[in-house]
$ cat my_file.cif   # mmCIF, C-alpha atoms
data_run
#
loop_
_atom_site.label_atom_id
_atom_site.label_comp_id
_atom_site.auth_asym_id
_atom_site.auth_seq_id
_atom_site.Cartn_x
_atom_site.Cartn_y
_atom_site.Cartn_z
CA MET V 952 146.78 124.27 86.09
CA ASP V 953 147.43 121.12 88.14
CA ARG V 954 145.28 122.50 90.94
CA LEU V 955 142.45 123.18 88.48
CA SER V 956 142.78 119.70 87.01
CA SER V 957 142.76 118.15 90.48
CA PHE V 958 139.70 120.21 91.48
CA VAL V 959 137.78 119.19 88.35
CA LYS V 960 138.68 115.55 88.93
CA SER V 961 137.55 115.67 92.54
CA GLN V 962 134.26 117.32 91.57
CA CYS V 963 133.66 114.62 88.97
CA MET V 964 134.28 111.93 91.58
CA VAL V 965 131.81 113.59 93.96
CA THR V 966 129.21 113.77 91.18
CA VAL V 967 129.70 110.09 90.31
CA LEU V 968 129.37 109.16 93.99
CA ILE V 969 126.13 111.15 94.36
CA LEU V 970 124.66 109.56 91.23
CA TRP V 971 125.62 106.10 92.50
CA LEU V 972 123.98 106.78 95.86
CA LEU V 973 120.81 108.11 94.20
CA ALA V 974 120.63 105.08 91.90
CA ASN V 975 120.94 102.74 94.85
CA LEU V 976 118.38 104.71 96.83
CA VAL V 977 115.87 104.35 93.99
CA SER V 978 116.72 100.64 93.81
CA ILE V 979 116.05 100.24 97.53
CA ASN V 980 112.76 102.12 97.35
CA ALA V 981 111.68 100.11 94.32
CA GLN V 982 112.39 96.78 96.00
CA THR V 983 109.31 94.59 95.85
CA GLY V 984 108.56 92.61 99.00
CA VAL V 985 106.66 89.35 99.38
CA CYS V 986 103.88 88.44 101.83
CA TYR V 987 104.64 85.43 104.02
CA GLY V 988 101.35 83.67 104.78
CA LEU V 989 101.41 80.68 107.10
CA LEU V 990 98.19 78.80 106.24
CA GLY V 991 99.86 75.77 104.72
CA ASP V 992 102.24 72.87 105.30
CA LEU V 993 105.32 75.02 104.85
CA PRO V 994 109.08 74.78 105.41
CA PRO V 995 110.58 75.81 108.78
CA PRO V 996 110.92 79.61 109.12
CA LYS V 997 114.75 79.51 109.02
CA GLU V 998 114.57 77.81 105.60
CA VAL V 999 112.04 80.40 104.44
CA ILE V 1000 114.29 83.30 105.47
CA ALA V 1001 117.17 81.62 103.65
CA LEU V 1002 114.96 81.40 100.55
CA TYR V 1003 114.11 85.12 100.80
CA ASN V 1004 117.82 85.91 100.97
CA ASP V 1005 118.72 83.50 98.17
CA LYS V 1006 116.19 85.13 95.85
CA GLY V 1007 117.18 88.68 96.83
CA ILE V 1008 113.81 89.48 98.42
CA ARG V 1009 114.58 92.26 100.90
CA ARG V 1010 111.11 93.03 102.29
CA MET V 1011 108.47 90.85 103.93
CA ARG V 1012 104.91 91.23 105.12
CA LEU V 1013 104.03 88.99 108.08
CA TYR V 1014 100.39 88.92 109.19
CA ASP V 1015 100.88 88.12 112.87
CA PRO V 1016 103.82 88.09 115.29
CA ASN V 1017 104.78 84.44 114.90
CA GLN V 1018 107.71 84.09 117.28
CA ASP V 1019 109.47 81.38 115.25
CA VAL V 1020 109.47 83.64 112.20
CA LEU V 1021 110.63 86.66 114.20
CA ASP V 1022 113.47 84.59 115.67
CA ALA V 1023 114.45 83.39 112.18
CA LEU V 1024 114.51 86.99 110.91
CA ARG V 1025 117.15 88.05 113.43
CA GLY V 1026 120.20 89.47 111.70
CA SER V 1027 118.72 88.86 108.23
CA ASN V 1028 118.39 92.59 107.40
CA ILE V 1029 115.04 91.86 105.73
CA GLU V 1030 112.69 94.82 106.25
CA LEU V 1031 109.48 93.71 107.92
CA MET V 1032 105.85 94.84 107.81
CA LEU V 1033 104.43 93.17 110.92
CA GLY V 1034 100.69 92.72 111.36
CA VAL V 1035 98.48 93.12 114.38
CA PRO V 1036 95.73 90.52 113.76
CA ASN V 1037 92.13 91.72 113.65
CA THR V 1038 91.35 89.48 116.62
CA ASP V 1039 93.77 91.52 118.79
CA LEU V 1040 92.29 94.92 117.98
CA GLU V 1041 89.67 95.07 120.75
CA LYS V 1042 92.18 94.22 123.47
CA ILE V 1043 94.78 96.70 122.20
CA ALA V 1044 92.19 99.44 121.74
CA ALA V 1045 90.88 98.94 125.27
CA ASP V 1046 94.08 99.76 127.17
CA GLN V 1047 97.35 101.50 126.34
CA ALA V 1048 99.11 98.99 128.59
CA ASN V 1049 98.05 96.17 126.26
CA ALA V 1050 99.60 97.99 123.29
CA ILE V 1051 102.81 98.57 125.26
CA SER V 1052 102.94 94.87 126.11
CA TRP V 1053 102.33 93.90 122.45
CA VAL V 1054 105.16 96.15 121.25
CA GLN V 1055 107.48 94.91 124.01
CA ASN V 1056 106.87 91.25 123.22
CA ASN V 1057 106.84 91.45 119.44
CA VAL V 1058 109.09 94.37 118.56
CA GLN V 1059 111.41 95.41 121.38
CA ASN V 1060 112.28 91.82 122.27
CA HIS V 1061 113.63 91.44 118.72
CA PRO V 1062 116.17 94.31 118.44
CA ASP V 1063 118.04 92.67 115.56
CA VAL V 1064 114.93 92.42 113.36
CA LYS V 1065 114.54 95.30 110.91
CA PHE V 1066 110.96 96.47 111.51
CA ARG V 1067 109.66 98.91 108.88
CA TYR V 1068 105.92 99.05 109.54
CA ILE V 1069 103.27 97.84 111.94
CA CYS V 1070 100.05 97.07 110.05
CA VAL V 1071 97.22 97.31 112.59
CA GLY V 1072 94.42 95.14 111.24
CA ASN V 1073 93.86 93.91 107.70
CA GLU V 1074 90.87 94.74 105.49
CA VAL V 1075 88.68 95.83 108.41
CA SER V 1076 85.49 97.26 106.93
CA SER V 1077 81.82 97.91 107.60
CA TYR V 1078 80.73 95.86 104.56
CA SER V 1079 82.34 92.51 105.41
CA SER V 1080 82.68 89.90 108.15
CA THR V 1081 85.29 92.16 109.78
CA SER V 1082 82.70 94.87 110.58
CA LYS V 1083 82.76 94.02 114.30
CA TYR V 1084 86.37 95.26 114.45
CA VAL V 1085 85.66 98.72 112.96
CA PRO V 1086 85.13 100.52 116.32
CA TYR V 1087 88.50 99.29 117.59
CA LEU V 1088 90.64 100.01 114.53
CA LEU V 1089 91.66 103.65 115.03
CA PRO V 1090 92.01 103.40 118.84
CA ALA V 1091 94.25 100.35 118.34
CA MET V 1092 96.34 102.25 115.77
CA GLN V 1093 96.69 105.17 118.17
CA ASN V 1094 97.74 102.94 121.07
CA ILE V 1095 100.28 101.03 118.98
CA PHE V 1096 101.65 104.34 117.69
CA ASN V 1097 102.01 105.63 121.25
CA ALA V 1098 103.73 102.41 122.32
CA ILE V 1099 106.15 102.56 119.40
CA SER V 1100 106.91 106.21 120.18
CA SER V 1101 107.40 105.48 123.90
CA ALA V 1102 109.88 102.76 122.95
CA GLY V 1103 111.92 105.36 121.03
CA LEU V 1104 111.15 103.73 117.68
CA GLY V 1105 108.89 106.40 116.20
CA ASN V 1106 111.46 107.52 113.63
CA GLN V 1107 112.10 103.95 112.49
CA ILE V 1108 108.67 102.28 112.41
CA ARG V 1109 105.50 103.66 110.81
CA VAL V 1110 102.04 102.57 111.98
CA SER V 1111 99.16 102.14 109.52
CA THR V 1112 96.41 99.73 108.44
CA ALA V 1113 95.51 97.91 105.22
CA PHE V 1114 92.24 98.32 103.31
CA ASP V 1115 90.95 96.51 100.26
CA THR V 1116 89.53 98.42 97.32
CA GLY V 1117 85.99 97.56 98.43
CA VAL V 1118 86.11 100.93 100.23
CA MET V 1119 85.74 102.55 96.82
CA GLY V 1120 82.29 103.75 95.80
CA GLU V 1121 83.43 105.02 92.41
CA SER V 1122 86.64 104.16 90.61
CA PHE V 1123 86.15 104.78 86.88
CA PRO V 1124 87.66 106.76 85.41
CA PRO V 1125 90.44 107.01 88.01
CA SER V 1126 90.04 110.78 88.44
CA LYS V 1127 86.46 110.17 89.63
CA GLY V 1128 87.68 107.86 92.39
CA ALA V 1129 85.73 108.32 95.63
CA PHE V 1130 85.20 106.32 98.82
CA LYS V 1131 81.80 104.86 99.67
CA SER V 1132 79.78 107.26 101.78
CA GLU V 1133 79.17 104.56 104.41
CA VAL V 1134 82.92 104.10 105.11
CA ARG V 1135 83.73 107.78 105.51
CA SER V 1136 82.72 107.90 109.20
CA TYR V 1137 85.61 105.63 110.20
CA LEU V 1138 87.94 106.03 107.22
CA ASP V 1139 88.26 109.84 107.35
CA PRO V 1140 89.59 109.89 110.95
CA ILE V 1141 92.11 107.20 110.00
CA ILE V 1142 93.23 109.27 107.01
CA SER V 1143 93.63 112.30 109.29
CA PHE V 1144 95.69 110.21 111.72
CA LEU V 1145 98.01 109.02 108.94
CA VAL V 1146 98.41 112.55 107.55
CA GLU V 1147 99.28 113.85 111.02
CA LYS V 1148 101.82 111.09 111.66
CA GLY V 1149 103.37 111.10 108.19
CA ALA V 1150 102.57 107.43 107.63
CA PRO V 1151 101.44 105.79 104.37
CA LEU V 1152 98.11 104.09 103.76
CA PHE V 1153 98.32 100.38 102.93
CA VAL V 1154 96.04 99.17 100.14
CA ASN V 1155 95.60 95.62 98.83
CA VAL V 1156 95.38 96.04 95.06
CA TYR V 1157 94.12 93.12 92.98
CA PRO V 1158 93.53 93.63 89.26
CA TYR V 1159 92.77 89.90 89.21
CA PHE V 1160 89.48 90.41 91.07
CA SER V 1161 88.56 93.50 89.05
CA TYR V 1162 89.13 91.54 85.84
CA THR V 1163 87.28 88.39 86.88
CA GLY V 1164 84.39 90.50 88.12
CA ASN V 1165 84.00 92.23 84.74
CA THR V 1166 85.53 90.21 81.90
CA ARG V 1167 83.10 91.82 79.47
CA ASP V 1168 84.57 95.30 79.80
CA ILE V 1169 88.14 94.60 81.01
CA SER V 1170 90.63 92.83 78.76
CA LEU V 1171 93.07 90.26 80.14
CA ASP V 1172 96.00 92.11 78.52
CA TYR V 1173 95.01 95.30 80.39
CA ALA V 1174 95.00 93.36 83.67
CA LEU V 1175 98.35 91.65 82.96
CA PHE V 1176 100.31 94.81 81.95
CA LYS V 1177 100.35 93.58 78.33
CA SER V 1178 98.32 96.27 76.55
CA PRO V 1179 100.44 97.77 73.74
CA SER V 1180 98.90 101.23 74.06
CA VAL V 1181 96.68 103.39 76.25
CA VAL V 1182 93.33 101.73 77.04
CA VAL V 1183 91.73 104.39 79.25
CA GLN V 1184 92.26 108.09 78.57
CA ASP V 1185 91.37 110.13 81.64
CA GLY V 1186 91.90 113.81 80.91
CA ASN V 1187 95.63 114.29 80.38
CA LEU V 1188 96.48 110.90 81.87
CA GLY V 1189 96.56 107.68 79.88
CA TYR V 1190 96.23 104.23 81.46
CA GLN V 1191 97.86 101.23 79.86
CA ASN V 1192 97.21 98.81 82.75
CA LEU V 1193 94.53 98.13 85.35
CA PHE V 1194 96.91 98.26 88.33
CA ASP V 1195 97.66 101.95 87.72
CA ALA V 1196 94.00 102.75 87.18
CA ILE V 1197 93.02 101.15 90.51
CA LEU V 1198 95.88 102.80 92.38
CA ASP V 1199 95.23 106.28 90.97
CA GLY V 1200 91.52 105.89 91.69
CA VAL V 1201 92.41 105.47 95.37
CA TYR V 1202 94.73 108.49 95.19
CA ALA V 1203 91.85 110.54 93.73
CA ALA V 1204 89.58 109.36 96.56
CA LEU V 1205 92.21 110.33 99.14
CA GLU V 1206 92.38 113.83 97.67
CA LYS V 1207 88.61 114.15 98.16
CA ALA V 1208 89.01 113.07 101.80
CA ASN V 1209 91.80 115.52 102.73
CA GLY V 1210 94.42 112.82 102.28
CA GLY V 1211 96.13 114.07 99.16
CA SER V 1212 99.53 114.15 100.88
CA LEU V 1213 99.45 110.44 101.71
CA GLU V 1214 101.57 107.85 99.97
CA ILE V 1215 100.03 104.47 99.20
CA VAL V 1216 101.98 101.30 99.89
CA VAL V 1217 100.55 98.37 97.94
CA SER V 1218 100.43 95.87 100.79
CA GLU V 1219 99.21 92.96 98.62
CA SER V 1220 99.00 92.23 94.92
CA GLY V 1221 99.25 89.06 92.91
CA TRP V 1222 97.64 86.55 90.56
CA PRO V 1223 96.69 82.91 91.27
CA SER V 1224 98.14 80.14 89.13
CA GLU V 1225 95.30 77.58 89.47
CA GLY V 1226 91.73 77.08 90.62
CA GLY V 1227 89.77 79.98 89.13
CA ILE V 1228 88.92 82.18 86.17
CA ALA V 1229 91.99 83.14 84.08
CA THR V 1230 94.31 81.25 86.41
CA SER V 1231 97.40 79.71 84.87
CA PHE V 1232 101.10 79.54 85.61
CA ASP V 1233 101.72 81.71 82.56
CA ASN V 1234 99.25 84.43 83.65
CA ALA V 1235 100.59 84.44 87.22
CA LYS V 1236 104.17 84.67 85.99
CA THR V 1237 103.28 87.43 83.52
CA TYR V 1238 101.43 89.51 86.11
CA ASN V 1239 103.99 89.25 88.90
CA SER V 1240 107.02 89.65 86.63
CA ASN V 1241 105.52 92.72 84.99
CA LEU V 1242 104.44 94.08 88.39
CA ILE V 1243 108.00 93.91 89.74
CA GLN V 1244 109.29 95.94 86.81
CA HIS V 1245 106.34 98.32 86.59
CA VAL V 1246 106.35 99.57 90.18
CA LYS V 1247 109.88 100.92 89.78
CA GLY V 1248 108.48 103.85 87.83
CA GLY V 1249 105.28 105.08 89.49
CA SER V 1250 101.75 105.60 88.15
CA PRO V 1251 100.39 108.27 85.76
CA LYS V 1252 99.12 110.34 88.72
CA ARG V 1253 102.35 109.90 90.71
CA PRO V 1254 105.02 109.40 88.04
CA GLY V 1255 108.71 108.90 88.60
CA LYS V 1256 108.50 107.62 92.17
CA PRO V 1257 108.66 103.88 92.88
CA ILE V 1258 105.54 102.22 94.29
CA GLU V 1259 106.42 100.16 97.35
CA THR V 1260 104.66 96.85 96.71
CA TYR V 1261 104.30 93.44 98.35
CA ILE V 1262 103.45 90.41 96.21
CA PHE V 1263 100.96 87.94 97.61
CA ALA V 1264 102.34 85.41 98.38
CA MET V 1265 105.56 83.51 99.05
CA PHE V 1266 103.96 80.03 99.09
CA ASN V 1267 100.89 78.18 97.98
CA GLU V 1268 98.82 77.69 101.15
CA ASN V 1269 96.77 74.50 101.15
CA GLN V 1270 94.74 75.32 104.26
CA LYS V 1271 92.82 78.10 102.50
CA SER V 1272 89.61 77.99 100.47
CA PRO V 1273 88.09 78.24 97.91
CA GLU V 1274 90.45 76.42 95.59
CA TYR V 1275 91.99 79.45 93.88
CA GLU V 1276 93.01 80.84 97.31
CA LYS V 1277 95.47 77.95 97.64
CA HIS V 1278 97.50 78.95 94.57
CA TRP V 1279 98.92 82.47 94.93
CA GLY V 1280 102.43 81.38 95.81
CA LEU V 1281 105.66 82.15 94.03
CA PHE V 1282 106.89 78.85 95.50
CA PHE V 1283 105.53 75.44 96.30
CA PRO V 1284 105.90 74.30 99.92
CA ASN V 1285 108.96 72.25 98.85
CA LYS V 1286 110.63 75.61 98.01
CA GLN V 1287 110.59 74.96 94.26
CA PRO V 1288 109.37 77.95 92.20
CA THR V 1289 105.88 77.71 90.78
CA TYR V 1290 107.31 79.53 87.75
CA PRO V 1291 110.59 81.36 87.04
CA ILE V 1292 110.63 84.94 88.35
CA SER V 1293 113.34 87.54 88.99
CA PHE V 1294 113.35 90.30 91.58
CA ASP V 1295 116.04 92.34 89.77
#
$ encode --input "my_file.cif" --output "structure tokens"
Amino acid sequence: MDRLSSFVKSQCMVTVLILWLLANLVSINAQTGVCYGLLGDLPPPKEVIALYNDKGIRRMRLYDPNQDVLDALRGSNIELMLGVPNTDLEKIAADQANAISWVQNNVQNHPDVKFRYICVGNEVSSYSSTSKYVPYLLPAMQNIFNAISSAGLGNQIRVSTAFDTGVMGESFPPSKGAFKSEVRSYLDPIISFLVEKGAPLFVNVYPYFSYTGNTRDISLDYALFKSPSVVVQDGNLGYQNLFDAILDGVYAALEKANGGSLEIVVSESGWPSEGGIATSFDNAKTYNSNLIQHVKGGSPKRPGKPIETYIFAMFNENQKSPEYEKHWGLFFPNKQPTYPISFD
């Protein structure tokens, strides 16, 4: 009887341990990161890293390999999405040796920085001022991937790129989501590359711009996660917020482009506090606070799995324009919060 009692007790302890580990794993996956833009009169990087740690922000997106920031990240255990700037794409695409040098200088030389992703290019598209970079995007991704693999880091660091939702030709209802025909020539090979390598697609998701572009048909509550009930019924799926509708529209488009197995990482999302339509401290706080909680649970199309998300941005950046672009920060440059927010 004592043996049976001891066995039952030990099994219960194992079960409790497994549940604890699973709970913490979900918590880690649900952790919302914050984008660290540098276009402002900002505190020294060491103070910024201390602020990330003080606020419990465990993931960061950095748009270029700023050496002062990389040095400050050493030993911090903050997981990093590091960007390859658009202006570097042609050089890296041209020669594998250039990619190897980039990875050596910006990744391998920082062994005590916790790299999670390399984001090769940001919002490169045929319909914007970044169109000149389109021919170099996939070759640069391939060369960076090869360099990461050659460095023995292929199991640790995933290589991808970030698109905005301007690639969408149709997005309503979400199940009808489809990419523009004119982007398919360069987007489809990138999707195939990501599927082959088991890497996610990064997408910058901004309900703010969708709302301000169509205030007649989209309610502010729907954009701010405040709708009390389903607003858009799409077959068996009901949408109570605009963020989910945008995200699932991209998932539907991926399925139509042989990318149904891909996971989307939301590489930017946020709401400005001043300078534009529907900008206020209250709206920004509401959106970002609700976003942090919402992404722990997935979207209607991909329920139950946390959505890895990065809030834009850590600080207000006064070197940007127009005016509303200066006011996306969770913090003022003096490190005071623009509004109270919790990352729990």
$ closest_residue --input "my_file.cif" --among "V:Ile1043, V:Ile1258, V:Ala1229, V:Leu989" --to "Leu1242 in chain V" --atoms "only C-alpha atoms"
V:Ile1258
$ closest_residue --input "my_file.cif" --among "V:Asn1234, V:Asn1004, V:Ser1220, V:Ser1132" --to "Tyr1078 in chain V" --atoms "all atoms listed in the file"
V:Ser1132
$ resolve_selection --input "my_file.cif" --expression "the PyMOL selection byres ((chain V and resi 1022) around 12)" --output "JSON, numbers by chain"
{"V": [995, 996, 997, 1000, 1016, 1017, 1018, 1019, 1020, 1021, 1023, 1024, 1025, 1026, 1027, 1057, 1058, 1060, 1061, 1062, 1063, 1064, 1065]}
$ closest_residue --input "my_file.cif" --among "V:Ser1076, V:Gln1244, V:Ser1052, V:Asn1192" --to "Ser1101 in chain V" --atoms "all atoms listed in the file"
V:Ser1052
$ resolve_selection --input "my_file.cif" --expression "the PyMOL selection byres ((chain V and resi 1137-1147) around 10)" --output "ChimeraX atom specification"
/V:1076-1077,1085-1086,1088-1090,1092-1093,1109-1112,1114,1118,1130-1136,1148-1152,1205,1208-1214
$ resolve_selection --input "my_file.cif" --expression "the PyMOL selection byres ((chain V and resi 1123) around 12)" --output "list in words"
Met1119, Gly1120, Glu1121, Ser1122, Pro1124, Pro1125, Ser1126, Lys1127, Gly1128, Ala1129, Ser1161, Asp1168, Ile1169, Val1183, Gln1184, Asp1185, Tyr1190, Leu1193, Asp1195, Ala1196, Ile1197, Leu1198, Asp1199, Gly1200, Val1201, Ala1203 and Ala1204 of chain V
$ atom_distance --input "my_file.cif" --atom1 "CA of Asn1241 in chain V" --atom2 "CA of Ser1218 in chain V"
16.9 Å
$ atom_distance --input "my_file.cif" --atom1 "CA of Leu1013 in chain V" --atom2 "CA of Val1216 in chain V"
14.9 Å
$ atom_distance --input "my_file.cif" --atom1 "CA of Gly1164 in chain V" --atom2 "CA of Pro1273 in chain V"
16.1 Å
$ closest_residue --input "my_file.cif" --among "V:Ile1029, V:Leu990, V:Ala1098, V:Met1265" --to "Arg1010 in chain V" --atoms "only C-alpha atoms"
V:Ile1029
$ closest_residue --input "my_file.cif" --among "V:Ile1108, V:Cys986, V:Ile1095, V:Leu993" --to "Leu1040 in chain V" --atoms "only C-alpha atoms"
V:Ile1095
$ closest_residue --input "my_file.cif" --among "V:Glu1219, V:Thr1081, V:Gln1191, V:Lys1177" --to "Val985 in chain V" --atoms "all atoms listed in the file"
V:Glu1219
$ residues_near_point --input "my_file.cif" --point "(99.5, 92.1, 80.1)" --cutoff "8 Å" --atoms "only C-alpha atoms" --output "compact mmCIF listing (two decimals) with C-alpha atoms, in the coordinates of the input"
# COMPACT_ATOMS: atom_id res chain seq x y z
CA LEU V 1171 93.07 90.26 80.14
CA ASP V 1172 96.00 92.11 78.52
CA TYR V 1173 95.01 95.30 80.39
CA ALA V 1174 95.00 93.36 83.67
CA LEU V 1175 98.35 91.65 82.96
CA PHE V 1176 100.31 94.81 81.95
CA LYS V 1177 100.35 93.58 78.33
CA SER V 1178 98.32 96.27 76.55
CA ASN V 1192 97.21 98.81 82.75
CA THR V 1237 103.28 87.43 83.52
CA TYR V 1238 101.43 89.51 86.11
CA ASN V 1241 105.52 92.72 84.99
$ residues_around --input "my_file.cif" --residues "Gly991 in chain V" --least-positions-apart "3" --cutoff "9 Å" --atoms "all atoms listed in the file" --output "PDB file with C-alpha atoms, in the frame of the given file"
ATOM      1  CA  GLY V 988     101.350  83.670 104.780  1.00  0.00           C
ATOM      2  CA  PHE V1266     103.960  80.030  99.090  1.00  0.00           C
ATOM      3  CA  ASN V1267     100.890  78.180  97.980  1.00  0.00           C
ATOM      4  CA  GLU V1268      98.820  77.690 101.150  1.00  0.00           C
ATOM      5  CA  ASN V1269      96.770  74.500 101.150  1.00  0.00           C
ATOM      6  CA  GLN V1270      94.740  75.320 104.260  1.00  0.00           C
ATOM      7  CA  LYS V1271      92.820  78.100 102.500  1.00  0.00           C
ATOM      8  CA  LYS V1277      95.470  77.950  97.640  1.00  0.00           C
ATOM      9  CA  PRO V1284     105.900  74.300  99.920  1.00  0.00           C
TER      10      PRO V1284
END
$ decode --input "my_file.cif" --residues "range 1073-1098 of chain V" --atoms "N, CA and C atoms" --output "PDB file, in the first residue's frame"
ATOM      1  N   ASN V1073      12.999  45.356 -44.948  1.00  0.00           N
ATOM      2  CA  ASN V1073      11.743  45.711 -44.291  1.00  0.00           C
ATOM      3  C   ASN V1073      10.825  46.413 -45.283  1.00  0.00           C
ATOM      4  N   GLU V1074       9.652  45.821 -45.498  1.00  0.00           N
ATOM      5  CA  GLU V1074       8.615  46.389 -46.355  1.00  0.00           C
ATOM      6  C   GLU V1074       9.131  46.686 -47.769  1.00  0.00           C
ATOM      7  N   VAL V1075       9.934  45.778 -48.303  1.00  0.00           N
ATOM      8  CA  VAL V1075      10.377  45.887 -49.694  1.00  0.00           C
ATOM      9  C   VAL V1075       9.223  45.467 -50.599  1.00  0.00           C
ATOM     10  N   SER V1076       8.863  46.313 -51.543  1.00  0.00           N
ATOM     11  CA  SER V1076       7.709  46.003 -52.389  1.00  0.00           C
ATOM     12  C   SER V1076       7.824  46.707 -53.733  1.00  0.00           C
ATOM     13  N   SER V1077       7.083  46.198 -54.685  1.00  0.00           N
ATOM     14  CA  SER V1077       7.081  46.762 -56.039  1.00  0.00           C
ATOM     15  C   SER V1077       6.218  48.009 -56.151  1.00  0.00           C
ATOM     16  N   TYR V1078       5.422  48.323 -55.135  1.00  0.00           N
ATOM     17  CA  TYR V1078       4.465  49.424 -55.218  1.00  0.00           C
ATOM     18  C   TYR V1078       4.877  50.623 -54.363  1.00  0.00           C
ATOM     19  N   SER V1079       6.127  50.674 -53.908  1.00  0.00           N
ATOM     20  CA  SER V1079       6.560  51.757 -53.034  1.00  0.00           C
ATOM     21  C   SER V1079       7.955  52.237 -53.432  1.00  0.00           C
ATOM     22  N   SER V1080       8.498  53.147 -52.630  1.00  0.00           N
ATOM     23  CA  SER V1080       9.836  53.674 -52.907  1.00  0.00           C
ATOM     24  C   SER V1080      10.931  52.628 -52.712  1.00  0.00           C
ATOM     25  N   THR V1081      10.572  51.472 -52.167  1.00  0.00           N
ATOM     26  CA  THR V1081      11.547  50.394 -51.966  1.00  0.00           C
ATOM     27  C   THR V1081      11.621  49.442 -53.162  1.00  0.00           C
ATOM     28  N   SER V1082      10.939  49.771 -54.264  1.00  0.00           N
ATOM     29  CA  SER V1082      10.850  48.835 -55.391  1.00  0.00           C
ATOM     30  C   SER V1082      12.223  48.484 -55.975  1.00  0.00           C
ATOM     31  N   LYS V1083      13.176  49.398 -55.865  1.00  0.00           N
ATOM     32  CA  LYS V1083      14.506  49.135 -56.433  1.00  0.00           C
ATOM     33  C   LYS V1083      15.233  47.997 -55.715  1.00  0.00           C
ATOM     34  N   TYR V1084      14.755  47.648 -54.512  1.00  0.00           N
ATOM     35  CA  TYR V1084      15.401  46.576 -53.747  1.00  0.00           C
ATOM     36  C   TYR V1084      14.796  45.201 -54.024  1.00  0.00           C
ATOM     37  N   VAL V1085      13.657  45.148 -54.716  1.00  0.00           N
ATOM     38  CA  VAL V1085      12.958  43.880 -54.933  1.00  0.00           C
ATOM     39  C   VAL V1085      13.853  42.796 -55.558  1.00  0.00           C
ATOM     40  N   PRO V1086      14.639  43.099 -56.598  1.00  0.00           N
ATOM     41  CA  PRO V1086      15.446  42.032 -57.217  1.00  0.00           C
ATOM     42  C   PRO V1086      16.492  41.417 -56.278  1.00  0.00           C
ATOM     43  N   TYR V1087      16.850  42.150 -55.234  1.00  0.00           N
ATOM     44  CA  TYR V1087      17.927  41.691 -54.347  1.00  0.00           C
ATOM     45  C   TYR V1087      17.415  40.981 -53.095  1.00  0.00           C
ATOM     46  N   LEU V1088      16.096  41.035 -52.873  1.00  0.00           N
ATOM     47  CA  LEU V1088      15.568  40.573 -51.590  1.00  0.00           C
ATOM     48  C   LEU V1088      15.781  39.077 -51.372  1.00  0.00           C
ATOM     49  N   LEU V1089      15.272  38.235 -52.256  1.00  0.00           N
ATOM     50  CA  LEU V1089      15.422  36.792 -52.058  1.00  0.00           C
ATOM     51  C   LEU V1089      16.883  36.350 -52.125  1.00  0.00           C
ATOM     52  N   PRO V1090      17.686  36.814 -53.093  1.00  0.00           N
ATOM     53  CA  PRO V1090      19.101  36.420 -53.070  1.00  0.00           C
ATOM     54  C   PRO V1090      19.819  36.813 -51.771  1.00  0.00           C
ATOM     55  N   ALA V1091      19.469  37.978 -51.221  1.00  0.00           N
ATOM     56  CA  ALA V1091      20.069  38.389 -49.950  1.00  0.00           C
ATOM     57  C   ALA V1091      19.618  37.468 -48.821  1.00  0.00           C
ATOM     58  N   MET V1092      18.349  37.093 -48.802  1.00  0.00           N
ATOM     59  CA  MET V1092      17.844  36.155 -47.792  1.00  0.00           C
ATOM     60  C   MET V1092      18.579  34.820 -47.889  1.00  0.00           C
ATOM     61  N   GLN V1093      18.752  34.342 -49.117  1.00  0.00           N
ATOM     62  CA  GLN V1093      19.438  33.061 -49.322  1.00  0.00           C
ATOM     63  C   GLN V1093      20.886  33.121 -48.850  1.00  0.00           C
ATOM     64  N   ASN V1094      21.573  34.211 -49.151  1.00  0.00           N
ATOM     65  CA  ASN V1094      22.976  34.334 -48.754  1.00  0.00           C
ATOM     66  C   ASN V1094      23.128  34.480 -47.246  1.00  0.00           C
ATOM     67  N   ILE V1095      22.228  35.237 -46.621  1.00  0.00           N
ATOM     68  CA  ILE V1095      22.276  35.345 -45.155  1.00  0.00           C
ATOM     69  C   ILE V1095      21.971  33.995 -44.517  1.00  0.00           C
ATOM     70  N   PHE V1096      20.986  33.283 -45.069  1.00  0.00           N
ATOM     71  CA  PHE V1096      20.673  31.944 -44.546  1.00  0.00           C
ATOM     72  C   PHE V1096      21.898  31.036 -44.638  1.00  0.00           C
ATOM     73  N   ASN V1097      22.558  31.042 -45.788  1.00  0.00           N
ATOM     74  CA  ASN V1097      23.742  30.198 -45.967  1.00  0.00           C
ATOM     75  C   ASN V1097      24.842  30.577 -44.985  1.00  0.00           C
ATOM     76  N   ALA V1098      25.005  31.872 -44.759  1.00  0.00           N
ATOM     77  CA  ALA V1098      26.037  32.333 -43.821  1.00  0.00           C
ATOM     78  C   ALA V1098      25.714  31.924 -42.388  1.00  0.00           C
TER      79      ALA V1098
END
